[in-house]
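*Asks:* Next up is a structure, given as structure tokens.
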Amino acid sequence: QVQLVASGGGSVQAGGSLRLSCAGSGYTYSSYCMTWFRQAPGKGRGGVAASDTGSRFEYYADSVKGRFTISRDNAKNTVYLEMNSLTTEDTAMYYCAADRGACKRAWAQDISYDYWGQGTQVTISS
């Protein structure tokens, strides 16, 4: 049974930091593109950062470049999202997702992912 369990969300003030984790099981973790998505109230879900198989490449949405860092530990089947200099615009439900194979050019669109985690809420106050 495939599972993705996201954790690490919470409430912090603007300028603060959070680290999200997503632990996977039940599939060959290292062979999947691992991506963090987020969805704010009233908005669509979009990709924030992606880690390619073998950690060869990382991809970021423009809005988080320089502030967020994605990393993965294949030995632990876990992908992380280090979030710094948080703003109220980062408030959203954050989801991790797995897409078989290398990350696609359209990695930030939620249309091809095989597995999804349950989401973890991130709330940033001003």
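Labels for the structure tokens follow display order: chains A, B, ..., residues from 1 in each chain, ligands from 1.
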What lies within 8 Å of A:Gly26 using only C-alpha atoms, ignoring chain neighbours under 2 positions off, as a ChimeraX atom specification?

*Replies:* /A:1-3,24,28

*Asks:* With DSSP run on the backbone, what are the strand (DSSP E or B) residues within chain A? I'd like them as number ranges by chain.

*Replies:* A: 3-7, 10-13, 18-25, 32-39, 45-51, 58-60, 68-73, 78-83, 92-101, 115-116, 120-125

*Asks:* For C-alpha atoms, I'd like the residues from the last selection saved as a PDB file, in the first residue's frame.

*Replies:*
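Output contents, as saved in result25.pdb:
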ATOM      1  CA  GLN A   3       1.556   6.081   1.499  1.00  0.00           C
ATOM      2  CA  LEU A   4       2.881   9.616   1.539  1.00  0.00           C
ATOM      3  CA  VAL A   5       2.748  11.249   4.938  1.00  0.00           C
ATOM      4  CA  ALA A   6       3.431  14.964   5.117  1.00  0.00           C
ATOM      5  CA  SER A   7       4.325  16.720   8.338  1.00  0.00           C
ATOM      6  CA  GLY A  10       2.419  25.036  11.588  1.00  0.00           C
ATOM      7  CA  SER A  11       1.923  28.700  12.327  1.00  0.00           C
ATOM      8  CA  VAL A  12       4.822  31.148  12.323  1.00  0.00           C
ATOM      9  CA  GLN A  13       5.288  34.859  11.948  1.00  0.00           C
ATOM     10  CA  LEU A  18       9.545  25.913   8.683  1.00  0.00           C
ATOM     11  CA  ARG A  19      10.717  22.537   7.485  1.00  0.00           C
ATOM     12  CA  LEU A  20       8.241  20.163   5.925  1.00  0.00           C
ATOM     13  CA  SER A  21       8.817  16.434   5.594  1.00  0.00           C
ATOM     14  CA  CYS A  22       7.133  13.833   3.438  1.00  0.00           C
ATOM     15  CA  ALA A  23       7.800  10.177   4.116  1.00  0.00           C
ATOM     16  CA  GLY A  24       6.914   7.673   1.435  1.00  0.00           C
ATOM     17  CA  SER A  25       6.368   3.934   1.559  1.00  0.00           C
ATOM     18  CA  TYR A  32      10.024   9.043  -8.603  1.00  0.00           C
ATOM     19  CA  CYS A  33      10.053  12.786  -9.057  1.00  0.00           C
ATOM     20  CA  MET A  34       9.052  14.196  -5.670  1.00  0.00           C
ATOM     21  CA  THR A  35       7.245  17.501  -5.626  1.00  0.00           C
ATOM     22  CA  TRP A  36       5.750  19.866  -3.109  1.00  0.00           C
ATOM     23  CA  PHE A  37       2.531  21.600  -4.081  1.00  0.00           C
ATOM     24  CA  ARG A  38       0.497  24.179  -2.245  1.00  0.00           C
ATOM     25  CA  GLN A  39      -3.035  25.444  -2.366  1.00  0.00           C
ATOM     26  CA  ARG A  45      -2.983  23.978  -6.527  1.00  0.00           C
ATOM     27  CA  GLY A  46       0.469  24.644  -7.964  1.00  0.00           C
ATOM     28  CA  GLY A  47       3.936  23.217  -7.721  1.00  0.00           C
ATOM     29  CA  VAL A  48       6.392  24.858  -5.352  1.00  0.00           C
ATOM     30  CA  ALA A  49       9.510  22.716  -5.710  1.00  0.00           C
ATOM     31  CA  ALA A  50      10.492  19.390  -7.226  1.00  0.00           C
ATOM     32  CA  SER A  51      13.367  16.998  -6.748  1.00  0.00           C
ATOM     33  CA  GLU A  58      15.798  20.690  -8.478  1.00  0.00           C
ATOM     34  CA  TYR A  59      13.039  22.904  -9.745  1.00  0.00           C
ATOM     35  CA  TYR A  60      11.399  25.865  -8.060  1.00  0.00           C
ATOM     36  CA  PHE A  68      12.809  27.460  -0.264  1.00  0.00           C
ATOM     37  CA  THR A  69      15.062  24.444  -0.649  1.00  0.00           C
ATOM     38  CA  ILE A  70      13.927  20.954  -1.542  1.00  0.00           C
ATOM     39  CA  SER A  71      16.013  17.936  -0.655  1.00  0.00           C
ATOM     40  CA  ARG A  72      15.493  14.214  -0.485  1.00  0.00           C
ATOM     41  CA  ASP A  73      16.955  11.331   1.422  1.00  0.00           C
ATOM     42  CA  THR A  78      11.757  11.222   2.645  1.00  0.00           C
ATOM     43  CA  VAL A  79      11.644  14.553   0.851  1.00  0.00           C
ATOM     44  CA  TYR A  80      12.023  17.825   2.711  1.00  0.00           C
ATOM     45  CA  LEU A  81      11.083  21.411   2.042  1.00  0.00           C
ATOM     46  CA  GLU A  82      13.069  23.993   3.958  1.00  0.00           C
ATOM     47  CA  MET A  83      11.153  27.272   3.907  1.00  0.00           C
ATOM     48  CA  ALA A  92      -1.480  27.425   2.190  1.00  0.00           C
ATOM     49  CA  MET A  93      -2.045  23.713   2.512  1.00  0.00           C
ATOM     50  CA  TYR A  94       1.129  21.995   1.358  1.00  0.00           C
ATOM     51  CA  TYR A  95       1.044  18.597  -0.323  1.00  0.00           C
ATOM     52  CA  CYS A  96       3.757  16.232  -1.424  1.00  0.00           C
ATOM     53  CA  ALA A  97       3.338  14.153  -4.541  1.00  0.00           C
ATOM     54  CA  ALA A  98       5.210  11.475  -6.452  1.00  0.00           C
ATOM     55  CA  ASP A  99       5.441  11.140 -10.225  1.00  0.00           C
ATOM     56  CA  ARG A 100       7.035   8.038 -11.711  1.00  0.00           C
ATOM     57  CA  GLY A 101      10.278   8.722 -13.516  1.00  0.00           C
ATOM     58  CA  TYR A 115       0.554   9.477  -5.462  1.00  0.00           C
ATOM     59  CA  TRP A 116      -0.370  12.278  -3.068  1.00  0.00           C
ATOM     60  CA  THR A 120       0.025  19.874   6.006  1.00  0.00           C
ATOM     61  CA  GLN A 121      -1.156  23.394   6.791  1.00  0.00           C
ATOM     62  CA  VAL A 122       1.261  26.318   6.816  1.00  0.00           C
ATOM     63  CA  THR A 123      -0.027  29.605   8.228  1.00  0.00           C
ATOM     64  CA  ILE A 124       2.073  32.751   8.248  1.00  0.00           C
ATOM     65  CA  SER A 125       0.974  35.739  10.301  1.00  0.00           C
TER      66      SER A 125
END

*Asks:* Between atom CA of A:Ser85 and atom CA of A:Trp107, what is the spacing in Å?

*Replies:*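 Atom CA of A:Ser85 lies 23.9 Å from atom CA of A:Trp107.
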
*Asks:* Between atom CA of A:Ala75 and atom CA of A:Ser112, what distance in Å does the model show, to one decimal?

*Replies:* 24.8 Å

*Asks:* Give me every helix (DSSP H, G or I) residue in stretch 9-119 of chain A, going by DSSP on the backbone, as a list in words.

*Replies:*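 So, restricting stretch 9-119 of chain A to helix (DSSP H, G or I), we get Tyr29, Ser30, Ser31, Thr53, Gly54, Ser55, Asp62, Ser63, Val64, Thr88, Glu89 and Asp90 of chain A.
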
*Asks:* Atom CA of A:Thr87 and atom CA of A:Ser126 are how many Å apart?

*Replies:*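 Calculated distance between atom CA of A:Thr87 and atom CA of A:Ser126 is 7.6 Å.
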
*Asks:* Using only C-alpha atoms, determine which residues lie at most 6 Å from A:Asp52, disregarding the query and same-chain residues fewer than 4 positions distant; provide the list as a list in words.

*Replies:*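 Near neighbours after the sequence-gap exclusion: Cys33, Arg56, Phe57, Ala102 and Cys103 of chain A.
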
*Asks:* Name the closest residue to A:Ala40 among the candidates A:Thr91, A:Gly117, A:Arg105, A:Lys76; distances are taken between atoms, counting only C-alpha atoms.

*Replies:*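 Among the listed residues, A:Thr91 lies closest to A:Ala40.
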
*Asks:* Looking at A:Gly66, A:Thr53, A:Gly44, A:Gly8, which one is nearest to A:Tyr29, with distances taken over only C-alpha atoms?

*Replies:*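 Using only C-alpha atoms, A:Tyr29 sits closest to A:Thr53.
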